[in-house]
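Visitor: What follows is work_6.cif, made up of mmCIF, C-alpha atoms:
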```
data_target
loop_
_atom_site.label_atom_id
_atom_site.label_comp_id
_atom_site.auth_asym_id
_atom_site.auth_seq_id
_atom_site.Cartn_x
_atom_site.Cartn_y
_atom_site.Cartn_z
CA MET A 1 113.81 85.77 160.42
CA LEU A 2 115.57 89.14 160.61
CA TYR A 3 116.75 88.61 157.04
CA TYR A 4 113.17 88.62 155.76
CA LEU A 5 112.11 91.44 158.10
CA PHE A 6 114.86 93.79 156.95
CA ARG A 7 114.39 92.81 153.32
CA PHE A 8 110.73 93.86 153.65
CA ILE A 9 111.75 97.11 155.36
CA HIS A 10 114.31 97.81 152.64
CA GLU A 11 111.86 97.14 149.81
CA ALA A 12 108.94 98.96 151.42
CA PHE A 13 110.61 101.94 153.08
CA SER A 14 114.21 102.02 151.76
CA LEU A 15 115.41 102.54 155.31
CA PRO A 16 119.16 103.35 155.23
CA GLY A 17 121.19 100.34 156.30
CA SER A 18 118.38 97.81 155.98
CA GLY A 19 119.83 96.54 152.71
CA LEU A 20 122.92 95.27 154.54
CA TYR A 21 121.03 92.12 155.52
CA SER A 22 121.01 90.96 151.91
CA TYR A 23 124.80 90.53 152.04
CA VAL A 24 126.37 87.38 153.43
CA SER A 25 129.51 89.42 154.15
CA PHE A 26 127.43 91.40 156.70
CA ARG A 27 125.32 88.61 158.15
CA ALA A 28 128.19 86.15 158.64
CA PRO A 29 130.24 88.33 161.06
CA LEU A 30 127.03 89.32 162.85
CA THR A 31 126.14 85.64 163.20
CA PHE A 32 129.61 84.83 164.53
CA VAL A 33 129.48 87.50 167.25
CA THR A 34 125.90 86.61 168.19
CA ALA A 35 126.79 82.92 168.55
CA ILE A 36 129.67 83.80 170.88
CA PHE A 37 127.47 85.93 173.14
CA ILE A 38 124.63 83.39 173.18
CA SER A 39 126.97 80.55 174.17
CA MET A 40 128.56 82.68 176.87
CA ILE A 41 125.23 83.89 178.25
CA ILE A 42 123.40 80.57 178.28
CA GLY A 43 126.55 78.63 179.11
CA LYS A 44 126.85 79.77 182.70
CA HIS A 45 123.17 79.01 183.36
CA ILE A 46 123.37 75.55 181.80
CA ILE A 47 126.54 74.77 183.77
CA LYS A 48 124.83 75.81 187.01
CA TYR A 49 121.87 73.59 186.15
CA LEU A 50 124.13 70.63 185.36
CA GLN A 51 126.00 71.15 188.63
CA LYS A 52 122.74 71.33 190.55
CA LYS A 53 121.57 68.07 188.99
CA GLN A 54 125.05 66.60 189.63
CA ILE A 55 125.45 65.67 185.98
CA GLY A 56 129.18 65.13 186.22
CA GLU A 57 131.78 63.18 184.28
CA SER A 58 132.89 59.85 185.73
CA ILE A 59 136.66 59.48 185.34
CA ARG A 60 138.72 56.31 185.21
CA ASP A 61 142.18 56.50 186.76
CA LEU A 62 144.55 56.10 183.80
CA GLY A 63 147.53 57.54 185.60
CA LEU A 64 147.43 60.87 183.77
CA GLU A 65 148.46 64.09 185.50
CA GLY A 66 145.48 66.12 186.70
CA GLN A 67 143.01 63.55 185.42
CA LEU A 68 141.21 62.82 188.67
CA SER A 69 140.69 66.54 189.29
CA LYS A 70 138.25 66.48 186.37
CA LYS A 71 135.92 64.08 188.16
CA GLY A 72 132.48 65.57 188.65
CA THR A 73 132.94 68.25 185.96
CA PRO A 74 129.54 68.77 184.28
CA THR A 75 129.11 67.03 180.94
CA MET A 76 126.48 67.25 178.16
CA GLY A 77 127.69 70.81 177.50
CA GLY A 78 127.14 70.17 173.81
CA VAL A 79 123.67 71.58 174.42
CA ILE A 80 125.33 75.01 174.66
CA ILE A 81 126.92 74.52 171.24
CA ILE A 82 123.68 73.39 169.59
CA ILE A 83 121.63 76.30 170.92
CA ALA A 84 124.37 78.79 170.01
CA ILE A 85 124.33 77.49 166.43
CA LEU A 86 120.60 77.31 165.86
CA ILE A 87 119.47 80.67 167.28
CA PRO A 88 121.81 82.86 165.15
CA CYS A 89 120.93 80.80 162.06
CA LEU A 90 117.22 81.38 162.73
CA LEU A 91 117.84 85.09 163.25
CA PHE A 92 120.19 85.89 160.37
CA GLY A 93 119.88 82.98 157.95
CA ARG A 94 117.87 82.80 154.74
CA LEU A 95 115.60 80.04 155.97
CA ARG A 96 114.31 79.03 152.56
CA ASN A 97 117.81 77.94 151.54
CA ILE A 98 117.91 74.15 151.21
CA TYR A 99 121.53 73.89 152.35
CA LEU A 100 120.99 75.93 155.52
CA LEU A 101 117.90 73.85 156.36
CA LEU A 102 119.87 70.65 155.80
CA MET A 103 122.66 71.81 158.13
CA MET A 104 120.18 72.83 160.82
CA LEU A 105 118.49 69.44 160.52
CA THR A 106 121.89 67.77 160.86
CA THR A 107 122.55 69.78 164.03
CA VAL A 108 119.24 68.79 165.63
CA TRP A 109 119.40 65.16 164.45
CA LEU A 110 122.91 64.41 165.70
CA GLY A 111 122.42 66.60 168.77
CA ALA A 112 119.44 64.46 169.76
CA LEU A 113 121.41 61.27 169.06
CA GLY A 114 124.36 62.43 171.16
CA PHE A 115 122.08 63.70 173.92
CA ALA A 116 120.37 60.31 174.14
CA ASP A 117 123.78 58.64 174.39
CA ASP A 118 124.89 60.98 177.18
CA TYR A 119 121.54 60.59 178.97
CA ILE A 120 121.96 56.81 179.11
CA LYS A 121 125.51 57.18 180.42
CA VAL A 122 124.78 59.85 183.02
CA PHE A 123 121.24 59.19 184.22
CA LYS A 124 120.95 55.46 183.56
CA LYS A 125 124.51 54.90 184.87
CA ASN A 126 125.30 52.76 181.82
CA LYS A 127 128.90 53.49 180.82
CA GLU A 128 128.39 51.81 177.45
CA GLY A 129 125.79 54.40 176.51
CA MET A 130 123.59 53.94 173.49
CA PRO A 131 123.95 50.57 171.70
CA GLY A 132 126.28 50.86 168.73
CA LYS A 133 123.62 49.55 166.34
CA VAL A 134 121.22 52.32 167.32
CA LYS A 135 123.89 54.99 166.88
CA ILE A 136 124.85 53.62 163.46
CA ALA A 137 121.16 53.48 162.50
CA GLY A 138 120.85 57.17 163.38
CA GLN A 139 123.86 58.04 161.24
CA ILE A 140 122.53 55.92 158.36
CA GLY A 141 119.21 57.74 158.63
CA LEU A 142 120.97 61.10 158.39
CA GLY A 143 123.02 59.86 155.43
CA LEU A 144 119.82 58.87 153.63
CA ILE A 145 118.23 62.26 154.32
CA VAL A 146 121.29 64.16 153.06
CA GLY A 147 121.71 61.98 149.97
CA LEU A 148 118.03 61.99 149.00
CA THR A 149 117.71 65.74 149.61
CA LEU A 150 120.67 66.54 147.38
CA PHE A 151 119.25 64.15 144.76
CA LEU A 152 115.60 65.23 144.83
CA SER A 153 115.68 68.94 145.66
CA PRO A 154 115.55 71.15 142.55
CA GLU A 155 117.61 73.74 144.44
CA ALA A 156 120.53 71.37 145.09
CA VAL A 157 122.42 71.67 141.82
CA VAL A 158 125.96 72.47 140.69
CA ILE A 159 127.42 74.23 137.69
CA GLU A 160 130.47 72.23 136.71
CA ASN A 161 131.71 74.61 134.04
CA PRO A 162 130.96 78.18 135.12
CA LYS A 163 133.33 79.79 132.62
CA GLY A 164 131.59 82.26 130.39
CA LEU A 165 128.62 82.70 132.72
CA THR A 166 127.73 86.01 134.29
CA LYS A 167 126.23 86.89 137.65
CA ALA A 168 122.92 87.55 135.91
CA ASP A 169 123.00 84.01 134.50
CA VAL A 170 123.44 82.29 137.84
CA GLU A 171 120.80 84.44 139.53
CA HIS A 172 118.33 82.56 137.33
CA VAL A 173 119.78 79.06 137.45
CA GLU A 174 116.54 77.49 136.24
CA ARG A 175 117.01 79.20 132.86
CA LEU A 176 120.38 77.56 132.22
CA GLY A 177 120.39 74.36 130.21
CA ASP A 178 121.61 70.91 131.19
CA ASP A 179 124.99 71.77 129.66
CA HIS A 180 125.68 73.91 132.73
CA VAL A 181 123.38 72.84 135.57
CA SER A 182 123.32 69.27 136.80
CA LYS A 183 122.62 66.94 139.69
CA SER A 184 126.23 66.02 140.14
CA THR A 185 127.78 63.07 141.96
CA LYS A 186 131.19 64.59 141.40
CA THR A 187 133.56 65.78 144.09
CA THR A 188 136.79 67.77 144.13
CA ILE A 189 140.07 65.84 144.08
CA PRO A 190 142.92 67.61 145.92
CA PHE A 191 145.87 68.75 143.77
CA VAL A 192 144.26 67.63 140.47
CA LYS A 193 143.09 70.21 137.93
CA ASN A 194 140.27 69.62 135.44
CA ASN A 195 139.58 66.22 136.95
CA ASN A 196 136.82 65.72 139.52
CA LEU A 197 135.99 62.28 140.85
CA ASP A 198 132.57 61.12 139.67
CA TYR A 199 131.03 58.36 141.77
CA ALA A 200 129.19 57.29 138.60
CA ASP A 201 132.54 56.28 137.06
CA ILE A 202 133.18 53.89 139.94
CA VAL A 203 129.93 52.05 139.22
CA ALA A 204 130.13 52.34 135.42
CA PHE A 205 129.68 48.55 135.17
CA MET A 206 126.02 49.12 136.13
CA GLY A 207 125.37 50.36 132.59
CA GLU A 208 122.15 52.32 132.24
CA HIS A 209 121.60 52.12 135.99
CA LYS A 210 124.97 53.66 136.85
CA GLN A 211 123.53 57.06 137.80
CA THR A 212 121.13 55.46 140.30
CA ALA A 213 123.97 53.32 141.63
CA ALA A 214 126.13 56.45 141.88
CA TRP A 215 123.62 58.07 144.25
CA ILE A 216 123.47 54.89 146.32
CA LEU A 217 127.27 54.96 146.52
CA PHE A 218 127.09 58.66 147.39
CA VAL A 219 124.78 57.90 150.33
CA ILE A 220 127.15 55.14 151.51
CA VAL A 221 130.09 57.55 151.31
CA THR A 222 128.04 60.13 153.22
CA ILE A 223 127.33 57.64 156.01
CA PHE A 224 131.00 56.63 156.16
CA VAL A 225 132.22 60.24 156.27
CA ILE A 226 129.70 61.15 158.98
CA THR A 227 130.64 58.12 161.08
CA ALA A 228 134.40 58.55 160.67
CA THR A 229 134.41 62.29 161.33
CA SER A 230 132.08 61.95 164.33
CA ASN A 231 134.30 59.24 165.79
CA GLY A 232 137.39 61.38 165.22
CA ALA A 233 135.78 64.36 166.96
CA ASN A 234 134.74 62.10 169.83
CA LEU A 235 138.28 60.76 170.30
CA THR A 236 139.74 64.26 170.08
CA ASP A 237 137.46 65.40 172.90
CA GLY A 238 139.86 64.18 175.57
CA LEU A 239 141.61 67.34 176.73
CA ASP A 240 140.21 70.70 177.81
CA GLY A 241 139.54 72.83 174.74
CA LEU A 242 141.06 70.41 172.24
CA ALA A 243 137.95 69.38 170.27
CA ALA A 244 136.28 72.80 170.45
CA GLY A 245 139.39 74.72 169.37
CA THR A 246 140.25 72.31 166.57
CA SER A 247 136.66 72.33 165.30
CA SER A 248 136.50 76.13 165.23
CA ILE A 249 139.60 76.16 163.01
CA ILE A 250 138.02 73.58 160.70
CA GLY A 251 134.84 75.67 160.64
CA ALA A 252 136.81 78.72 159.45
CA ALA A 253 138.30 76.72 156.57
CA LEU A 254 134.87 75.35 155.62
CA ALA A 255 133.50 78.89 155.55
CA VAL A 256 136.19 79.87 153.05
CA LEU A 257 135.50 76.77 150.93
CA ALA A 258 131.77 77.48 150.94
CA TYR A 259 132.34 81.11 149.97
CA VAL A 260 134.58 80.35 146.98
CA SER A 261 132.18 77.59 145.88
CA SER A 262 129.28 80.09 145.90
CA ASN A 263 131.16 82.94 144.24
CA LEU A 264 131.18 82.87 140.43
CA VAL A 265 134.44 84.80 140.13
CA PHE A 266 136.35 82.57 142.56
CA ALA A 267 134.82 79.37 141.18
CA ASN A 268 135.95 80.40 137.69
CA TYR A 269 139.41 81.40 138.87
CA LEU A 270 140.00 78.26 140.96
CA ASN A 271 138.34 75.99 138.40
CA ILE A 272 136.04 74.37 140.96
CA MET A 273 132.37 73.47 140.87
CA PHE A 274 130.05 76.42 141.39
CA VAL A 275 127.32 75.59 143.94
CA PRO A 276 124.49 78.16 143.70
CA GLY A 277 123.04 79.02 147.11
CA SER A 278 125.95 77.64 149.14
CA ASP A 279 126.83 81.17 150.24
CA GLU A 280 124.25 80.70 153.00
CA LEU A 281 126.53 78.02 154.41
CA VAL A 282 128.98 80.80 155.26
CA VAL A 283 126.37 82.11 157.70
CA TYR A 284 126.01 78.64 159.20
CA ALA A 285 129.80 78.18 159.43
CA SER A 286 130.03 81.54 161.22
CA ALA A 287 127.44 80.37 163.77
CA PHE A 288 129.39 77.12 164.16
CA MET A 289 132.67 78.97 164.75
CA GLY A 290 131.04 81.40 167.17
CA ALA A 291 129.48 78.54 169.14
CA MET A 292 132.86 76.79 169.36
CA VAL A 293 134.69 79.93 170.47
CA GLY A 294 131.98 80.74 173.02
CA PHE A 295 132.08 77.20 174.36
CA LEU A 296 135.87 77.55 174.78
CA TRP A 297 135.14 80.29 177.32
CA PHE A 298 134.04 77.50 179.66
CA ASN A 299 135.87 74.52 178.18
CA SER A 300 139.41 75.93 178.11
CA PHE A 301 141.83 74.64 180.75
CA PRO A 302 140.73 74.03 183.46
CA ALA A 303 137.36 73.09 181.97
CA GLN A 304 134.13 74.05 183.72
CA VAL A 305 132.10 71.80 181.41
CA PHE A 306 132.64 68.99 178.88
CA MET A 307 130.71 68.78 175.62
CA GLY A 308 130.05 65.02 175.90
CA ASP A 309 128.72 63.02 172.96
CA THR A 310 126.00 65.66 172.64
CA GLY A 311 128.70 67.97 171.32
CA SER A 312 131.35 65.72 169.77
CA LEU A 313 128.92 63.60 167.75
CA THR A 314 127.22 66.77 166.52
CA ILE A 315 130.30 68.73 165.49
CA GLY A 316 131.79 65.73 163.68
CA GLY A 317 128.58 65.19 161.72
CA ILE A 318 128.27 68.91 160.95
CA ILE A 319 131.76 69.01 159.46
CA ALA A 320 131.05 65.87 157.41
CA VAL A 321 127.69 66.97 155.97
CA PHE A 322 128.96 70.50 155.30
CA SER A 323 131.88 69.19 153.23
CA ILE A 324 129.60 66.82 151.30
CA ILE A 325 127.16 69.60 150.38
CA ILE A 326 129.96 71.69 148.82
CA HIS A 327 131.51 68.58 147.19
CA LYS A 328 134.75 68.82 149.17
CA GLU A 329 134.59 65.62 151.27
CA LEU A 330 137.89 64.35 149.84
CA LEU A 331 139.61 67.34 151.44
CA LEU A 332 138.62 66.15 154.92
CA PRO A 333 141.65 63.86 155.48
CA VAL A 334 143.80 67.00 155.21
CA LEU A 335 141.47 69.51 156.86
CA CYS A 336 140.53 67.11 159.69
CA GLY A 337 144.05 65.76 159.99
CA ILE A 338 143.89 66.00 163.79
CA PHE A 339 140.74 63.85 163.86
CA LEU A 340 142.30 61.41 161.39
CA VAL A 341 145.50 60.98 163.40
CA GLU A 342 143.52 60.49 166.61
CA ASP A 343 141.44 57.80 164.86
CA LEU A 344 144.50 56.07 163.42
CA SER A 345 146.38 56.16 166.72
CA VAL A 346 143.62 54.16 168.39
CA MET A 347 143.26 51.73 165.48
CA LEU A 348 147.01 51.09 165.26
CA GLN A 349 147.38 50.76 169.02
CA VAL A 350 144.57 48.21 169.32
CA SER A 351 145.60 46.26 166.19
CA TYR A 352 149.26 46.07 167.17
CA PHE A 353 148.37 45.02 170.72
CA LYS A 354 146.16 42.18 169.47
CA TYR A 355 148.75 41.11 166.88
CA THR A 356 151.64 40.97 169.36
CA LYS A 357 149.52 39.23 171.97
CA LYS A 358 148.62 36.53 169.46
CA LYS A 359 152.20 36.18 168.18
CA TYR A 360 154.25 36.60 171.37
CA GLY A 361 151.66 35.84 174.06
CA GLU A 362 152.03 39.37 175.40
CA GLY A 363 150.45 42.52 174.01
CA ARG A 364 152.78 45.37 173.08
CA ARG A 365 152.00 49.01 172.38
CA ILE A 366 153.18 51.47 169.77
CA LEU A 367 152.26 54.51 171.87
CA LEU A 368 152.45 54.99 175.61
CA MET A 369 148.68 55.48 175.44
CA SER A 370 146.03 56.21 172.86
CA PRO A 371 144.48 58.43 171.53
CA LEU A 372 147.59 60.35 170.55
CA HIS A 373 147.05 63.31 172.90
CA HIS A 374 147.24 60.96 175.89
CA HIS A 375 150.59 59.65 174.58
CA PHE A 376 152.03 63.15 174.95
CA GLN A 377 150.47 63.44 178.39
CA LYS A 378 152.24 60.24 179.41
CA LYS A 379 155.50 61.82 178.23
CA GLY A 380 154.97 64.54 180.81
CA ILE A 381 153.86 67.40 178.55
CA HIS A 382 151.30 69.66 180.19
CA GLU A 383 147.73 69.41 178.93
CA ALA A 384 147.48 73.10 177.98
CA LYS A 385 150.68 72.91 175.91
CA ILE A 386 149.45 69.81 174.05
CA VAL A 387 146.17 71.54 173.21
CA THR A 388 147.91 74.70 171.98
CA ARG A 389 150.26 72.70 169.77
CA PHE A 390 147.40 70.71 168.31
CA TRP A 391 145.64 74.00 167.52
CA ILE A 392 148.78 75.22 165.71
CA VAL A 393 148.87 72.03 163.64
CA GLY A 394 145.14 72.44 162.94
CA ILE A 395 145.69 76.00 161.67
CA ALA A 396 148.50 74.80 159.37
CA LEU A 397 146.28 72.01 158.01
CA ALA A 398 143.38 74.43 157.43
CA VAL A 399 145.59 76.84 155.50
CA PHE A 400 147.08 73.99 153.47
CA THR A 401 143.58 72.67 152.66
CA ILE A 402 142.60 76.03 151.18
CA LEU A 403 145.94 76.16 149.38
CA THR A 404 145.19 72.85 147.63
CA LEU A 405 142.54 74.66 145.55
CA LYS A 406 145.18 77.01 144.15
CA ILE A 407 147.68 74.17 143.69
CA ARG A 408 145.15 72.56 141.40
#
```
Kindly present the structure from the file in structure tokens form.

Guide:
Amino acid sequence: MLYYLFRFIHEAFSLPGSGLYSYVSFRAPLTFVTAIFISMIIGKHIIKYLQKKQIGESIRDLGLEGQLSKKGTPTMGGVIIIIAILIPCLLFGRLRNIYLLLMMLTTVWLGALGFADDYIKVFKKNKEGMPGKVKIAGQIGLGLIVGLTLFLSPEAVVIENPKGLTKADVEHVERLGDDHVSKSTKTTIPFVKNNNLDYADIVAFMGEHKQTAAWILFVIVTIFVITATSNGANLTDGLDGLAAGTSSIIGAALAVLAYVSSNLVFANYLNIMFVPGSDELVVYASAFMGAMVGFLWFNSFPAQVFMGDTGSLTIGGIIAVFSIIIHKELLLPVLCGIFLVEDLSVMLQVSYFKYTKKKYGEGRRILLMSPLHHHFQKKGIHEAKIVTRFWIVGIALAVFTILTLKIR
């Protein structure tokens, strides 16, 4: 809203400084700081409310050091994150941008889904929470919305070969021919130059219907990425500050990826797809980072509040949809390496246990406990040290993810 207000003031009165709001490089830092303050201000009030309503986490005794001391800690703190993302975006975002609207819809959609899950667990005293089929249906619905929006919206286009174009050219995308602008089902492949993966090539056997089939495949991939990333974020949310800190690092890397994808000079230099309008995603990523950092004020060890599925389901879905919009979803296994390892640790642990139980009559384990962070807890490493080390690994993965663009 402030974007349009100050643009009007600048055009009508030429007030010194009002033109700053037209620059993403100004609005993004402002959004980041605002998100931090909003989360810190509303956070203490929401925590008091949750404590008053006795909305606390129920803890199973798994024999982990300091685990039982967490019992009764308020949960559903993901509400803090959602509010701290949406308000700065409404204030400083260009609200007519299709990508920003899609990300805000994703935040509300998955926030509501996670909130319903937490509500059933906390208020209905049902530890299973929302039925898995309902949760999957919600994620499928979001996948359909994202896929159809990117397919149908005239604003959601890419320029696959930006070389030779000028800034004046891309300011009027509608004037460029089909040789430059397209509805692309392509995505960036890490480490490979001049070779994007086109989902249409995978379904080439469909003949004249391959482009339609490509968008169907794209929606399926979107649903899978949302589900996998959300599950990884949920599993990572097991130690104080782990999920929030890791997600803020991922958000910083996504902001960089969105910026280079929206900048003609960088897109040319790095030989990546140019996505007109994706610069507004930098504003959203800044709000996301600020919300995560502000939430850490209360969630760092010892945590005063947990994000619950309201938060973990939302942040996982946000990361997934964001990467899909900028055609970088194949970078997620590297960027979200922490989430991936947490996912794999549970899958391997369960699979190996079932296999050995069937073969030897007694289940055996690869790790002392899964997810992986609990394995290190079982080894006697303090929770705060595990979280800090995971953050360090997350930073290294984020830097390496950005580096893959140059390696190409």

Visitor: Which residues would end up in the selection if the PyMOL selection byres ((chain A and resi 118-131) around 7) were applied here, given that I need the answer as number ranges by chain?

Guide: A: 55, 76, 114-117, 132-135, 308-310

Visitor: A:Ile381, A:Met347, A:Ile249, A:Ile189: which is nearest Val293 in chain A, counting all atoms listed in the file?

Guide: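 Selected residue with least distance to Val293 in chain A: A:Ile249.
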
Visitor: Running the PyMOL selection byres ((chain A and resi 270) around 12) on this model by hand, what would come out? Give it as a tab-separated table (two decimals) with C-alpha atoms, keeping the file's coordinate frame.

Guide:
```tsv
chain	number	residue	atom	x	y	z
A	161	ASN	CA	131.71	74.61	134.04
A	162	PRO	CA	130.96	78.18	135.12
A	163	LYS	CA	133.33	79.79	132.62
A	188	THR	CA	136.79	67.77	144.13
A	191	PHE	CA	145.87	68.75	143.77
A	192	VAL	CA	144.26	67.63	140.47
A	193	LYS	CA	143.09	70.21	137.93
A	194	ASN	CA	140.27	69.62	135.44
A	257	LEU	CA	135.50	76.77	150.93
A	260	VAL	CA	134.58	80.35	146.98
A	261	SER	CA	132.18	77.59	145.88
A	262	SER	CA	129.28	80.09	145.90
A	263	ASN	CA	131.16	82.94	144.24
A	264	LEU	CA	131.18	82.87	140.43
A	265	VAL	CA	134.44	84.80	140.13
A	266	PHE	CA	136.35	82.57	142.56
A	267	ALA	CA	134.82	79.37	141.18
A	268	ASN	CA	135.95	80.40	137.69
A	269	TYR	CA	139.41	81.40	138.87
A	271	ASN	CA	138.34	75.99	138.40
A	272	ILE	CA	136.04	74.37	140.96
A	273	MET	CA	132.37	73.47	140.87
A	274	PHE	CA	130.05	76.42	141.39
A	402	ILE	CA	142.60	76.03	151.18
A	403	LEU	CA	145.94	76.16	149.38
A	404	THR	CA	145.19	72.85	147.63
A	405	LEU	CA	142.54	74.66	145.55
A	406	LYS	CA	145.18	77.01	144.15
A	407	ILE	CA	147.68	74.17	143.69
A	408	ARG	CA	145.15	72.56	141.40
```

Visitor: Residues within 7 Å of range 334-338 of chain A, please, as a PyMOL selection string. Count all atoms listed in the file; anything in the same chain fewer than 2 positions from it doesn't count.

Guide: chain A and resi 250+331-332+340-342+394+397-398+401

Visitor: So, with only C-alpha atoms as the atoms that count, which of A:Pro154, A:Gly251, A:Gly245, A:Gly147 lies closest to Leu217 in chain A?

Guide: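 Among the listed residues, the smallest separation from Leu217 in chain A belongs to A:Gly147.
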
Visitor: Expand the PyMOL selection byres ((chain A and resi 90) around 12) into the explicit residue set it covers here, and present it as a ChimeraX atom specification.

Guide: /A:1-4,27,31,34-35,83-89,91-97,100-101,103-104,283-284,287

Visitor: For the residues in that selection, give me C-alpha atoms as a PDB file, keeping the file's coordinate frame.

Guide:
```pdb
ATOM      1  CA  MET A   1     113.810  85.770 160.420  1.00  0.00           C
ATOM      2  CA  LEU A   2     115.570  89.140 160.610  1.00  0.00           C
ATOM      3  CA  TYR A   3     116.750  88.610 157.040  1.00  0.00           C
ATOM      4  CA  TYR A   4     113.170  88.620 155.760  1.00  0.00           C
ATOM      5  CA  ARG A  27     125.320  88.610 158.150  1.00  0.00           C
ATOM      6  CA  THR A  31     126.140  85.640 163.200  1.00  0.00           C
ATOM      7  CA  THR A  34     125.900  86.610 168.190  1.00  0.00           C
ATOM      8  CA  ALA A  35     126.790  82.920 168.550  1.00  0.00           C
ATOM      9  CA  ILE A  83     121.630  76.300 170.920  1.00  0.00           C
ATOM     10  CA  ALA A  84     124.370  78.790 170.010  1.00  0.00           C
ATOM     11  CA  ILE A  85     124.330  77.490 166.430  1.00  0.00           C
ATOM     12  CA  LEU A  86     120.600  77.310 165.860  1.00  0.00           C
ATOM     13  CA  ILE A  87     119.470  80.670 167.280  1.00  0.00           C
ATOM     14  CA  PRO A  88     121.810  82.860 165.150  1.00  0.00           C
ATOM     15  CA  CYS A  89     120.930  80.800 162.060  1.00  0.00           C
ATOM     16  CA  LEU A  91     117.840  85.090 163.250  1.00  0.00           C
ATOM     17  CA  PHE A  92     120.190  85.890 160.370  1.00  0.00           C
ATOM     18  CA  GLY A  93     119.880  82.980 157.950  1.00  0.00           C
ATOM     19  CA  ARG A  94     117.870  82.800 154.740  1.00  0.00           C
ATOM     20  CA  LEU A  95     115.600  80.040 155.970  1.00  0.00           C
ATOM     21  CA  ARG A  96     114.310  79.030 152.560  1.00  0.00           C
ATOM     22  CA  ASN A  97     117.810  77.940 151.540  1.00  0.00           C
ATOM     23  CA  LEU A 100     120.990  75.930 155.520  1.00  0.00           C
ATOM     24  CA  LEU A 101     117.900  73.850 156.360  1.00  0.00           C
ATOM     25  CA  MET A 103     122.660  71.810 158.130  1.00  0.00           C
ATOM     26  CA  MET A 104     120.180  72.830 160.820  1.00  0.00           C
ATOM     27  CA  VAL A 283     126.370  82.110 157.700  1.00  0.00           C
ATOM     28  CA  TYR A 284     126.010  78.640 159.200  1.00  0.00           C
ATOM     29  CA  ALA A 287     127.440  80.370 163.770  1.00  0.00           C
TER      30      ALA A 287
END
```

Visitor: From the list A:Gly232, A:Gly43, A:Gly241, A:Gly207, which residue is nearest Phe339 in chain A when using all atoms listed in the file?

Guide: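 Closest to Phe339 in chain A, using all atoms listed in the file: A:Gly232.
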
Visitor: Between CA of Ile325 in chain A and CA of Asp343 in chain A, measure the distance and give it in Å to one decimal.

Guide: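 A separation of 23.5 Å between them.
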
Visitor: One number please: CA of Ser312 in chain A to CA of Tyr199 in chain A, in Å, one decimal.

Guide: 29.0 Å

Visitor: Between CA of Phe8 in chain A and CA of Ser286 in chain A, what is the distance, to one decimal in Å?

Guide: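 Atom-to-atom, CA of Phe8 in chain A and CA of Ser286 in chain A are spaced 24.1 Å apart.
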
Visitor: Find the spatial neighbours of Ile366 in chain A, counting all atoms listed in the file, within a cut-off of 8 Å - ignore same-chain residues fewer than 5 positions away - and output them as a list in words.

Guide: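 Neighbouring residues, sequence-local ones excluded: Leu348, Gln349 and Tyr352 of chain A.
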
Visitor: Which one is closest to Thr185 in chain A: A:Pro29, A:Ala320, A:Asn299, A:Thr222? Count all atoms listed in the file.

Guide: A:Thr222

Visitor: Write out as a PyMOL selection string each polymer residue whose atoms come within 7 Å of range 105-110 of chain A, counting only C-alpha atoms; drop sequence neighbours fewer than 6 positions from it.

Guide: chain A and resi 82+313-314+317-318

Visitor: Rank A:Ile324, A:Ala244, A:Leu148, A:Leu281 by their smallest atom-to-atom distance to Val221 in chain A, using only C-alpha atoms, and report the top residue only.

Guide: A:Ile324
